>>> print(open('final_2.txt').read())   # compact mmCIF, C-alpha atoms
# COMPACT_ATOMS: atom_id res chain seq x y z
CA MET A 718 21.78 13.92 2.95
CA GLU A 719 18.93 16.39 2.61
CA VAL A 720 19.21 18.73 -0.36
CA GLN A 721 18.44 22.42 0.28
CA LEU A 722 17.15 24.20 -2.81
CA THR A 723 16.37 27.85 -3.37
CA ASN A 724 12.90 28.81 -4.60
CA ARG A 725 14.32 29.35 -8.09
CA GLN A 726 15.99 25.95 -8.13
CA GLN A 727 12.77 24.31 -6.92
CA HIS A 728 10.83 26.05 -9.69
CA ILE A 729 13.30 24.95 -12.35
CA LEU A 730 13.30 21.36 -11.01
CA TRP A 731 9.49 21.39 -11.09
CA ALA A 732 9.47 22.67 -14.69
CA THR A 733 12.11 20.14 -15.77
CA VAL A 734 10.17 17.21 -14.33
CA ARG A 735 6.89 18.45 -15.80
CA HIS A 736 8.42 18.88 -19.24
CA TYR A 737 10.10 15.47 -19.18
CA ILE A 738 6.88 13.76 -18.04
CA ALA A 739 5.05 15.37 -20.96
CA THR A 740 7.62 14.74 -23.70
CA ALA A 741 9.88 11.84 -22.63
CA GLU A 742 12.73 13.88 -24.14
CA PRO A 743 15.78 15.24 -22.27
CA VAL A 744 15.11 18.83 -21.22
CA GLY A 745 17.27 21.82 -22.13
CA SER A 746 17.22 25.39 -20.85
CA LYS A 747 15.77 26.68 -24.14
CA ALA A 748 12.67 24.49 -23.81
CA LEU A 749 12.08 25.68 -20.25
CA LEU A 750 12.57 29.30 -21.26
CA GLU A 751 10.02 28.99 -24.08
CA GLU A 752 7.34 26.98 -22.30
CA TYR A 753 7.46 28.11 -18.66
CA ASN A 754 7.27 31.58 -17.19
CA LEU A 755 10.42 31.28 -15.09
CA GLY A 756 11.27 34.98 -15.21
CA VAL A 757 15.01 34.40 -15.72
CA SER A 758 17.46 34.12 -18.61
CA SER A 759 18.53 30.96 -20.39
CA ALA A 760 21.97 31.24 -18.78
CA THR A 761 20.43 31.39 -15.30
CA ILE A 762 18.35 28.30 -16.09
CA ARG A 763 21.47 26.45 -17.32
CA ASN A 764 23.34 27.36 -14.13
CA ALA A 765 20.47 26.18 -11.95
CA MET A 766 20.20 22.92 -13.88
CA GLY A 767 23.94 22.43 -13.35
CA VAL A 768 23.46 22.83 -9.60
CA LEU A 769 20.58 20.35 -9.66
CA GLU A 770 22.74 17.89 -11.57
CA LYS A 771 25.57 18.19 -9.04
CA ALA A 772 23.01 17.56 -6.29
CA GLY A 773 22.02 14.30 -8.01
CA LEU A 774 18.51 15.47 -8.91
CA LEU A 775 19.07 15.63 -12.67
CA TYR A 776 21.44 13.82 -15.02
CA GLN A 777 22.45 13.85 -18.68
CA PRO A 778 21.86 10.57 -20.54
CA HIS A 779 24.36 11.82 -23.17
CA THR A 780 26.91 14.61 -23.01
CA SER A 781 25.20 16.59 -25.78
CA ALA A 782 21.67 15.98 -24.51
CA GLY A 783 19.50 17.90 -22.10
CA ARG A 784 18.82 16.64 -18.61
CA VAL A 785 16.30 14.20 -17.16
CA PRO A 786 15.16 13.72 -13.55
CA SER A 787 16.81 11.12 -11.35
CA ASP A 788 14.92 9.07 -8.77
CA SER A 789 16.00 11.63 -6.17
CA GLY A 790 14.70 14.45 -8.35
CA TYR A 791 11.33 12.75 -8.67
CA ARG A 792 11.30 12.22 -4.90
CA ILE A 793 11.68 15.93 -4.17
CA TYR A 794 9.11 16.68 -6.87
CA VAL A 795 6.58 14.33 -5.22
CA ASP A 796 7.29 15.29 -1.61
CA GLN A 797 7.71 19.05 -1.95
CA LEU A 798 6.60 20.46 -5.30
CA ILE A 799 3.16 19.06 -6.14
CA THR A 800 -0.34 18.76 -4.70
CA PRO A 801 -2.54 15.82 -5.74
CA SER A 802 -5.45 16.86 -7.94
CA ASP A 803 -8.72 17.19 -5.98
CA THR A 804 -10.59 17.69 -9.26
CA LEU A 805 -9.31 14.40 -10.65
CA ALA A 806 -10.03 12.60 -7.36
CA ARG A 807 -13.67 13.71 -7.49
CA LYS A 808 -13.90 12.64 -11.14
CA VAL A 809 -12.59 9.18 -10.25
CA GLU A 810 -15.03 8.75 -7.38
CA GLU A 811 -17.94 9.85 -9.58
CA THR A 812 -16.84 7.48 -12.35
CA LEU A 813 -16.56 4.52 -9.97
CA GLN A 814 -19.92 5.25 -8.36
CA THR A 815 -21.63 5.65 -11.74
CA ARG A 816 -20.19 2.58 -13.46
CA LEU A 817 -19.90 0.09 -10.61
CA ASN A 818 -22.50 -1.54 -8.39
CA TRP A 819 -21.37 -4.48 -6.30
CA GLU A 820 -24.93 -5.66 -5.61
CA ASP A 821 -25.54 -6.13 -9.32
CA ARG A 822 -22.09 -7.30 -10.36
CA GLY A 823 -20.64 -9.18 -7.37
CA LEU A 824 -17.47 -8.30 -5.52
CA GLU A 825 -14.97 -9.85 -7.93
CA ASN A 826 -16.55 -8.12 -10.93
CA LEU A 827 -16.60 -4.87 -8.96
CA LEU A 828 -12.84 -5.10 -8.40
CA GLN A 829 -12.21 -6.00 -12.03
CA GLY A 830 -14.22 -2.98 -13.13
CA ALA A 831 -12.41 -0.69 -10.68
CA ALA A 832 -9.04 -2.00 -11.89
CA GLN A 833 -9.95 -1.33 -15.54
CA ILE A 834 -11.15 2.21 -14.80
CA LEU A 835 -7.97 2.93 -12.83
CA ALA A 836 -5.77 1.61 -15.65
CA THR A 837 -7.61 3.60 -18.31
CA LEU A 838 -7.49 6.88 -16.38
CA SER A 839 -3.86 6.53 -15.25
CA GLY A 840 -2.31 4.99 -18.37
CA CYS A 841 -0.53 2.59 -16.01
CA ILE A 842 -0.86 -1.00 -14.88
CA SER A 843 -3.48 -1.10 -12.13
CA LEU A 844 -3.21 -3.54 -9.23
CA ILE A 845 -6.03 -4.38 -6.82
CA THR A 846 -5.62 -7.21 -4.31
CA LEU A 847 -8.59 -9.39 -3.55
CA PRO A 848 -10.04 -8.55 -0.13
CA GLN A 849 -8.92 -10.38 2.96
CA ASN A 850 -11.40 -11.72 5.46
CA VAL A 851 -14.47 -10.17 3.91
CA SER A 852 -16.55 -13.17 5.02
CA ALA A 853 -14.21 -14.69 7.63
CA LEU A 854 -15.60 -13.08 10.76
CA LEU A 855 -14.83 -14.32 14.25
CA ARG A 856 -17.38 -16.51 16.06
CA HIS A 857 -15.13 -17.84 18.81
CA LEU A 858 -11.47 -17.72 19.79
CA GLN A 859 -9.61 -19.77 22.37
CA LEU A 860 -6.00 -19.78 23.60
CA VAL A 861 -5.03 -23.17 25.06
CA GLN A 862 -1.71 -23.98 26.71
CA ILE A 863 -0.26 -27.24 25.40
CA GLU A 864 3.19 -27.11 27.03
CA ALA A 865 5.45 -24.59 28.76
CA GLY A 866 5.62 -21.49 26.61
CA ARG A 867 3.54 -23.03 23.81
CA VAL A 868 -0.07 -22.15 23.11
CA MET A 869 -2.57 -23.33 20.54
CA LEU A 870 -4.79 -20.67 19.02
CA ILE A 871 -8.18 -22.03 17.94
CA VAL A 872 -10.43 -19.84 15.82
CA VAL A 873 -13.99 -20.60 14.71
CA THR A 874 -15.38 -18.32 11.98
CA ASP A 875 -18.97 -17.31 11.37
CA SER A 876 -19.22 -20.09 8.77
CA TYR A 877 -18.18 -22.62 11.48
CA GLU A 878 -14.81 -23.29 9.88
CA THR A 879 -12.10 -24.07 12.44
CA HIS A 880 -8.51 -22.91 12.14
CA SER A 881 -5.60 -23.40 14.53
CA ALA A 882 -2.00 -22.41 14.96
CA LEU A 883 0.81 -22.91 17.47
CA LEU A 884 2.23 -19.81 19.13
CA ASP A 885 5.23 -19.26 21.40
CA LEU A 886 4.36 -17.09 24.37
CA PRO A 887 6.99 -14.68 25.70
CA PRO A 888 7.86 -15.10 29.41
CA LYS A 889 6.78 -12.38 31.84
CA SER A 890 10.39 -12.07 32.96
CA LYS A 891 13.65 -13.85 32.28
CA ASP A 892 13.92 -15.29 35.80
CA ALA A 893 10.30 -16.28 36.43
CA GLN A 894 9.34 -19.96 36.16
CA PRO A 895 5.97 -20.31 34.40
CA ASP A 896 3.11 -21.63 36.56
CA PRO A 897 0.95 -23.76 34.23
CA GLU A 898 -2.23 -23.26 36.22
CA LEU A 899 -1.70 -19.50 36.40
CA ILE A 900 -1.05 -19.33 32.67
CA ASP A 901 -4.22 -21.34 31.99
CA ARG A 902 -6.26 -18.82 33.96
CA GLU A 903 -4.57 -15.88 32.25
CA LEU A 904 -5.15 -17.36 28.80
CA GLN A 905 -8.83 -17.85 29.60
CA ILE A 906 -9.15 -14.21 30.69
CA VAL A 907 -7.37 -13.01 27.56
CA SER A 908 -9.54 -15.31 25.39
CA ASN A 909 -12.68 -13.86 26.99
CA PHE A 910 -11.42 -10.34 26.35
CA LEU A 911 -10.66 -11.07 22.71
CA ASN A 912 -14.05 -12.72 22.17
CA SER A 913 -15.89 -9.79 23.71
CA GLN A 914 -13.98 -7.36 21.51
CA LEU A 915 -13.80 -9.27 18.23
CA ARG A 916 -16.88 -11.48 17.95
CA GLY A 917 -18.61 -10.70 14.67
CA ARG A 918 -15.59 -8.77 13.40
CA SER A 919 -12.50 -9.56 11.34
CA LEU A 920 -9.56 -10.94 13.28
CA VAL A 921 -7.22 -8.40 11.66
CA GLU A 922 -9.01 -5.77 13.75
CA VAL A 923 -6.93 -7.02 16.69
CA ALA A 924 -4.45 -4.32 15.61
CA ASN A 925 -6.96 -1.66 16.66
CA LEU A 926 -7.98 -3.05 20.06
CA ASN A 927 -7.67 -0.91 23.15
CA TRP A 928 -5.62 -3.18 25.38
CA SER A 929 -5.98 -0.75 28.27
CA ASP A 930 -9.43 -2.33 28.81
CA LEU A 931 -7.61 -5.46 29.93
CA ASP A 932 -6.26 -5.61 33.46
CA ARG A 933 -2.68 -4.38 33.71
CA GLU A 934 -1.32 -7.76 34.80
CA PHE A 935 -2.38 -9.28 31.47
CA GLN A 936 -1.25 -6.49 29.18
CA HIS A 937 2.10 -8.12 28.46
CA TYR A 938 0.09 -10.37 26.12
CA GLY A 939 -1.10 -7.37 24.15
CA GLU A 940 1.73 -6.43 21.77
CA TYR A 941 2.67 -10.06 21.16
CA LEU A 942 -0.85 -11.23 20.40
CA LYS A 943 -1.64 -8.20 18.27
CA ASN A 944 1.15 -9.12 15.84
CA SER A 945 0.63 -12.89 16.07
CA LEU A 946 -3.11 -12.79 15.50
CA ALA A 947 -2.86 -10.37 12.58
CA GLU A 948 -0.23 -12.60 10.94
CA PHE A 949 -2.34 -15.70 11.63
CA SER A 950 -5.35 -14.02 10.00
CA ARG A 951 -3.35 -13.10 6.89
CA ARG A 952 -1.89 -16.57 6.48
CA SER A 953 -4.72 -18.87 7.60
CA LEU A 954 -8.11 -17.29 7.09
CA THR A 955 -7.84 -16.12 3.50
CA PRO A 956 -7.46 -18.58 0.61
CA GLY A 957 -5.69 -17.12 -2.42
CA VAL A 958 -4.44 -14.19 -0.40
CA THR A 959 -1.85 -13.26 -2.99
CA GLN A 960 -4.25 -12.96 -5.93
CA ILE A 961 -4.10 -9.54 -7.56
CA MET A 962 -6.37 -8.07 -10.22
CA VAL A 963 -4.06 -6.72 -12.96
CA ARG A 964 -5.24 -4.46 -15.75
CA GLY A 965 -3.60 -1.99 -18.14
CA MET A 966 -0.67 -3.85 -19.71
CA ALA A 967 -1.68 -2.49 -23.12
CA GLU A 968 -1.68 1.08 -21.79
CA VAL A 969 1.75 0.94 -20.22
CA LEU A 970 3.37 -0.86 -23.15
CA ARG A 971 2.79 2.27 -25.21
CA GLN A 972 5.31 4.12 -23.04
CA PRO A 973 8.81 4.42 -24.56
CA GLU A 974 10.40 3.14 -21.35
CA PHE A 975 8.93 -0.29 -22.07
CA SER A 976 10.12 -0.60 -25.66
CA GLN A 977 12.69 -3.26 -24.68
CA LEU A 978 11.16 -6.73 -24.72
CA GLN A 979 13.37 -8.09 -21.91
CA GLN A 980 12.19 -5.48 -19.42
CA VAL A 981 8.55 -6.13 -20.31
CA GLN A 982 9.05 -9.87 -19.87
CA THR A 983 10.44 -9.50 -16.34
CA ILE A 984 7.49 -7.31 -15.33
CA ILE A 985 4.99 -9.76 -16.83
CA GLN A 986 6.70 -12.62 -15.01
CA LEU A 987 6.41 -10.72 -11.72
CA LEU A 988 2.72 -9.99 -12.32
CA GLU A 989 1.85 -13.53 -13.38
CA GLU A 990 4.18 -15.84 -11.48
CA GLU A 991 5.50 -13.97 -8.45
CA GLN A 992 2.41 -12.23 -7.15
CA GLU A 993 3.16 -13.11 -3.53
CA GLN A 994 6.24 -10.85 -3.56
CA LEU A 995 4.26 -8.01 -5.10
CA TRP A 996 1.35 -8.56 -2.71
CA ARG A 997 3.62 -8.19 0.30
CA LEU A 998 5.02 -4.98 -1.16
CA ILE A 999 1.72 -3.22 -1.82
CA PHE A 1000 -0.29 -4.51 1.15
CA GLU A 1001 1.48 -2.60 3.88
CA GLU A 1002 -0.29 -2.29 7.21
CA ASN A 1003 -0.05 1.18 8.65
CA GLU A 1004 -1.52 1.31 12.13
CA THR A 1005 -1.23 5.11 12.34
CA GLU A 1006 -3.29 5.64 9.20
CA GLU A 1007 -6.54 7.49 9.87
CA VAL A 1008 -9.70 5.61 9.00
CA GLY A 1009 -11.34 7.24 5.97
CA LYS A 1010 -8.10 8.97 4.95
CA PRO A 1011 -6.00 6.38 3.13
CA ARG A 1012 -2.26 6.97 3.12
CA VAL A 1013 -0.75 6.78 -0.35
CA THR A 1014 2.72 5.26 -0.62
CA VAL A 1015 4.92 6.32 -3.56
CA ARG A 1016 7.95 4.16 -4.37
CA ILE A 1017 10.16 5.59 -7.09
CA GLY A 1018 12.64 3.57 -9.13
CA ALA A 1019 15.34 2.05 -6.95
CA GLU A 1020 13.16 2.54 -3.87
CA ASN A 1021 11.31 -0.58 -5.04
CA PRO A 1022 12.93 -3.68 -3.53
CA LEU A 1023 11.82 -5.98 -6.38
CA GLU A 1024 14.33 -6.03 -9.23
CA PRO A 1025 11.85 -6.19 -12.17
CA ILE A 1026 10.28 -2.86 -11.16
CA ARG A 1027 13.34 -0.89 -10.06
CA ASN A 1028 12.92 1.29 -13.15
CA CYS A 1029 9.24 1.89 -12.35
CA SER A 1030 7.17 3.84 -9.88
CA LEU A 1031 4.61 2.07 -7.71
CA ILE A 1032 1.86 4.11 -6.08
CA SER A 1033 -0.36 2.23 -3.65
CA SER A 1034 -2.79 2.51 -0.78
CA THR A 1035 -4.99 0.18 1.27
CA TYR A 1036 -8.74 -0.08 1.42
CA ARG A 1037 -10.68 -1.00 4.54
CA ARG A 1038 -13.73 -2.65 5.90
CA GLY A 1039 -14.55 -0.58 8.94
CA SER A 1040 -11.29 -0.17 10.80
CA ALA A 1041 -9.61 -3.25 9.28
CA GLN A 1042 -7.37 -3.07 6.23
CA VAL A 1043 -8.58 -5.76 3.84
CA GLY A 1044 -6.90 -5.03 0.52
CA SER A 1045 -4.76 -2.70 -1.52
CA VAL A 1046 -5.03 -0.68 -4.70
CA GLY A 1047 -2.20 0.74 -6.78
CA VAL A 1048 -0.75 1.69 -10.13
CA LEU A 1049 2.59 0.70 -11.65
CA GLY A 1050 4.22 2.70 -14.43
CA PRO A 1051 7.47 4.30 -15.56
CA THR A 1052 9.16 6.76 -13.21
CA ARG A 1053 8.15 9.35 -15.80
CA LEU A 1054 4.49 9.42 -14.87
CA ASP A 1055 1.89 12.00 -13.84
CA TYR A 1056 2.39 11.76 -10.08
CA GLU A 1057 -0.23 14.39 -9.23
CA GLY A 1058 -2.87 12.50 -11.14
CA ALA A 1059 -1.77 9.00 -10.14
CA ILE A 1060 -1.70 9.82 -6.42
CA ALA A 1061 -5.19 11.34 -6.64
CA LEU A 1062 -6.46 8.32 -8.59
CA VAL A 1063 -5.15 5.78 -6.10
CA ALA A 1064 -6.42 7.73 -3.07
CA ALA A 1065 -9.88 8.11 -4.62
CA ALA A 1066 -10.09 4.42 -5.58
CA ALA A 1067 -9.00 3.35 -2.09
CA GLU A 1068 -11.61 5.58 -0.48
CA TYR A 1069 -14.35 4.33 -2.81
CA LEU A 1070 -13.51 0.67 -2.11
CA SER A 1071 -13.33 1.36 1.65
CA GLU A 1072 -16.80 2.89 1.59
CA THR A 1073 -18.14 0.00 -0.50
CA PHE A 1074 -16.73 -2.72 1.73
CA SER A 1075 -17.69 -0.94 4.94
CA ASP A 1076 -21.31 -0.90 3.71
CA LEU A 1077 -21.36 -4.68 3.24
CA ASN A 1078 -23.60 -6.58 5.63
CA PRO A 1079 -21.29 -8.75 7.80
CA SER A 1080 -23.96 -11.34 8.22
>>> encode(input="final_2.txt", output="structure tokens")
Amino acid sequence: MEVQLTNRQQHILWATVRHYIATAEPVGSKALLEEYNLGVSSATIRNAMGVLEKAGLLYQPHTSAGRVPSDSGYRIYVDQLITPSDTLARKVEETLQTRLNWEDRGLENLLQGAAQILATLSGCISLITLPQNVSALLRHLQLVQIEAGRVMLIVVTDSYETHSALLDLPPKSKDAQPDPELIDRELQIVSNFLNSQLRGRSLVEVANLNWSDLDREFQHYGEYLKNSLAEFSRRSLTPGVTQIMVRGMAEVLRQPEFSQLQQVQTIIQLLEEEQEQLWRLIFEENETEEVGKPRVTVRIGAENPLEPIRNCSLISSTYRRGSAQVGSVGVLGPTRLDYEGAIALVAAAAEYLSETFSDLNPS
């Protein structure tokens, strides 16, 4: 249920979150009255905080304590009450451009350097996935029917490596009996179309093809092949696809939220031993995302599906090579983090890496 807040309640929620982020101490009306120009009395602030608590946006950890934001309170704060810092974003881009040079350092060292800078500036754990398909570009693709409804996909990359996979083709209609010769001809036409569109490019760019260039009678292949080929590329063309650069454990361990050893151990286990789960979470394909304008995803507390980080916030985005998403960049910290700064940091890092990878020579 959507919560409707007055301007005053929004202002008091904003001040409460800001104060808690800065101090890690439950917030009372007196602290807000002294440190923020709210223009109202302490009693009015207490009443507003009571309303916010009833709405599930604040809660009291102890009956005699002040209030702290809930996950829902942080969500409204992020979605409605803040604007990411353009100044910090520019600083991050300048820092990355000044300190990093992939031609001198190599791609893996570049990502390690970017991860360390991101961790240092955010005070969080930084996460950067190794790029997918940076060198695996398409040389030839063929769809070959092997039996009714079953097709073999054969892909040859620019390094002459051959990969294959079996795919199930959807029927044109429930009643139609497939004509093997007709399907062979259709698969050849579709193969020719894909080769003309994708040769010299990453196979994941199939998600961005304009299928209207293909004759209408073959377009039923479009949606199916778009998903199948992208999944094939993720699974087959990239060794070590789940590897993630992780930096900043020392920074985040200074936060009071991570004072309990058991919680730290579960996070470390996730980062070291269960990276595939984390990789799937932070590498989200978003086909509506504008090229050059990375979308930043903010998952707060219980919004995270992985149990070890359900008391954390995960802020992530993807970086591109041309129009293809090839990797992701993010920060992981307590829910009590500087969202304005962290969102700006992640967006700037994603844009920098996109520009860097797009400038790489595909040959």
>>> residues_around(input="final_2.txt", residues="Gly790 of chain A", least_positions_apart="4", cutoff="7 Å", atoms="all atoms listed in the file", output="ChimeraX atom specification")
/A:774-775,786,794
>>> residues_around(input="final_2.txt", residues="Glu903 of chain A", least_positions_apart="3", cutoff="12 Å", atoms="all atoms listed in the file", output="ChimeraX atom specification")
/A:859-862,868,886,889,895-900,906-910,931-938
>>> closest_residue(input="final_2.txt", among="A:Thr723, A:Ser787, A:Asn912, A:Gln972", to="Ile842 of chain A", atoms="all atoms listed in the file")
A:Gln972
>>> residues_near_point(input="final_2.txt", point="(6.2, -21.2, 16.0)", cutoff="12 Å", atoms="all atoms listed in the file", output="VMD selection string")
chain A and resid 866 to 870 882 to 887 945 948 to 949
>>> residues_around(input="final_2.txt", residues="Leu730 of chain A", least_positions_apart="6", cutoff="12 Å", atoms="only C-alpha atoms", output="PyMOL selection string")
chain A and resi 722-724+736-737+744-746+749+753+755+762-763+765-770+772-776+784-787+789-795+797-799
>>> residues_around(input="final_2.txt", residues="segment 1045-1050 of chain A", least_positions_apart="3", cutoff="7 Å", atoms="only C-alpha atoms", output="list of chain:residue names")
A:Cys841, A:Ile842, A:Ser843, A:Leu844, A:Ile845, A:Thr846, A:Val969, A:Ile999, A:Phe1000, A:Cys1029, A:Ser1030, A:Leu1031, A:Ile1032, A:Ser1033, A:Ser1034, A:Thr1035, A:Tyr1036, A:Leu1054, A:Val1063, A:Ala1067
>>> write_last_selection(input="final_2.txt", atoms="C-alpha atoms", output="PDB file, in the coordinates of the input")
ATOM      1  CA  CYS A 841      -0.530   2.590 -16.010  1.00  0.00           C
ATOM      2  CA  ILE A 842      -0.860  -1.000 -14.880  1.00  0.00           C
ATOM      3  CA  SER A 843      -3.480  -1.100 -12.130  1.00  0.00           C
ATOM      4  CA  LEU A 844      -3.210  -3.540  -9.230  1.00  0.00           C
ATOM      5  CA  ILE A 845      -6.030  -4.380  -6.820  1.00  0.00           C
ATOM      6  CA  THR A 846      -5.620  -7.210  -4.310  1.00  0.00           C
ATOM      7  CA  VAL A 969       1.750   0.940 -20.220  1.00  0.00           C
ATOM      8  CA  ILE A 999       1.720  -3.220  -1.820  1.00  0.00           C
ATOM      9  CA  PHE A1000      -0.290  -4.510   1.150  1.00  0.00           C
ATOM     10  CA  CYS A1029       9.240   1.890 -12.350  1.00  0.00           C
ATOM     11  CA  SER A1030       7.170   3.840  -9.880  1.00  0.00           C
ATOM     12  CA  LEU A1031       4.610   2.070  -7.710  1.00  0.00           C
ATOM     13  CA  ILE A1032       1.860   4.110  -6.080  1.00  0.00           C
ATOM     14  CA  SER A1033      -0.360   2.230  -3.650  1.00  0.00           C
ATOM     15  CA  SER A1034      -2.790   2.510  -0.780  1.00  0.00           C
ATOM     16  CA  THR A1035      -4.990   0.180   1.270  1.00  0.00           C
ATOM     17  CA  TYR A1036      -8.740  -0.080   1.420  1.00  0.00           C
ATOM     18  CA  LEU A1054       4.490   9.420 -14.870  1.00  0.00           C
ATOM     19  CA  VAL A1063      -5.150   5.780  -6.100  1.00  0.00           C
ATOM     20  CA  ALA A1067      -9.000   3.350  -2.090  1.00  0.00           C
TER      21      ALA A1067
END
>>> atom_distance(input="final_2.txt", atom1="atom CA of Thr1014 of chain A", atom2="atom CA of Ile1060 of chain A")
8.6 Å
>>> atom_distance(input="final_2.txt", atom1="atom CA of Ala832 of chain A", atom2="atom CA of Pro973 of chain A")
22.8 Å
>>> residues_near_point(input="final_2.txt", point="(11.6, -7.0, -18.2)", cutoff="12 Å", atoms="only C-alpha atoms", output="PyMOL selection string")
chain A and resi 970+974-988+1023-1029
>>> write_last_selection(input="final_2.txt", atoms="C-alpha atoms", output="JSON list (two decimals), in the coordinates of the input")
[["chain", "number", "residue", "atom", "x", "y", "z"],
["A", 970, "LEU", "CA", 3.37, -0.86, -23.15],
["A", 974, "GLU", "CA", 10.40, 3.14, -21.35],
["A", 975, "PHE", "CA", 8.93, -0.29, -22.07],
["A", 976, "SER", "CA", 10.12, -0.60, -25.66],
["A", 977, "GLN", "CA", 12.69, -3.26, -24.68],
["A", 978, "LEU", "CA", 11.16, -6.73, -24.72],
["A", 979, "GLN", "CA", 13.37, -8.09, -21.91],
["A", 980, "GLN", "CA", 12.19, -5.48, -19.42],
["A", 981, "VAL", "CA", 8.55, -6.13, -20.31],
["A", 982, "GLN", "CA", 9.05, -9.87, -19.87],
["A", 983, "THR", "CA", 10.44, -9.50, -16.34],
["A", 984, "ILE", "CA", 7.49, -7.31, -15.33],
["A", 985, "ILE", "CA", 4.99, -9.76, -16.83],
["A", 986, "GLN", "CA", 6.70, -12.62, -15.01],
["A", 987, "LEU", "CA", 6.41, -10.72, -11.72],
["A", 988, "LEU", "CA", 2.72, -9.99, -12.32],
["A", 1023, "LEU", "CA", 11.82, -5.98, -6.38],
["A", 1024, "GLU", "CA", 14.33, -6.03, -9.23],
["A", 1025, "PRO", "CA", 11.85, -6.19, -12.17],
["A", 1026, "ILE", "CA", 10.28, -2.86, -11.16],
["A", 1027, "ARG", "CA", 13.34, -0.89, -10.06],
["A", 1028, "ASN", "CA", 12.92, 1.29, -13.15],
["A", 1029, "CYS", "CA", 9.24, 1.89, -12.35]]
>>> atom_distance(input="final_2.txt", atom1="atom CA of Thr733 of chain A", atom2="atom CA of Ser759 of chain A")
13.4 Å
>>> closest_residue(input="final_2.txt", among="A:Leu855, A:Val872, A:Leu926, A:Ala1059", to="Ser839 of chain A", atoms="all atoms listed in the file")
A:Ala1059
>>> closest_residue(input="final_2.txt", among="A:Ser919, A:Asn826, A:Gln726, A:Asp1076", to="Leu847 of chain A", atoms="all atoms listed in the file")
A:Asn826
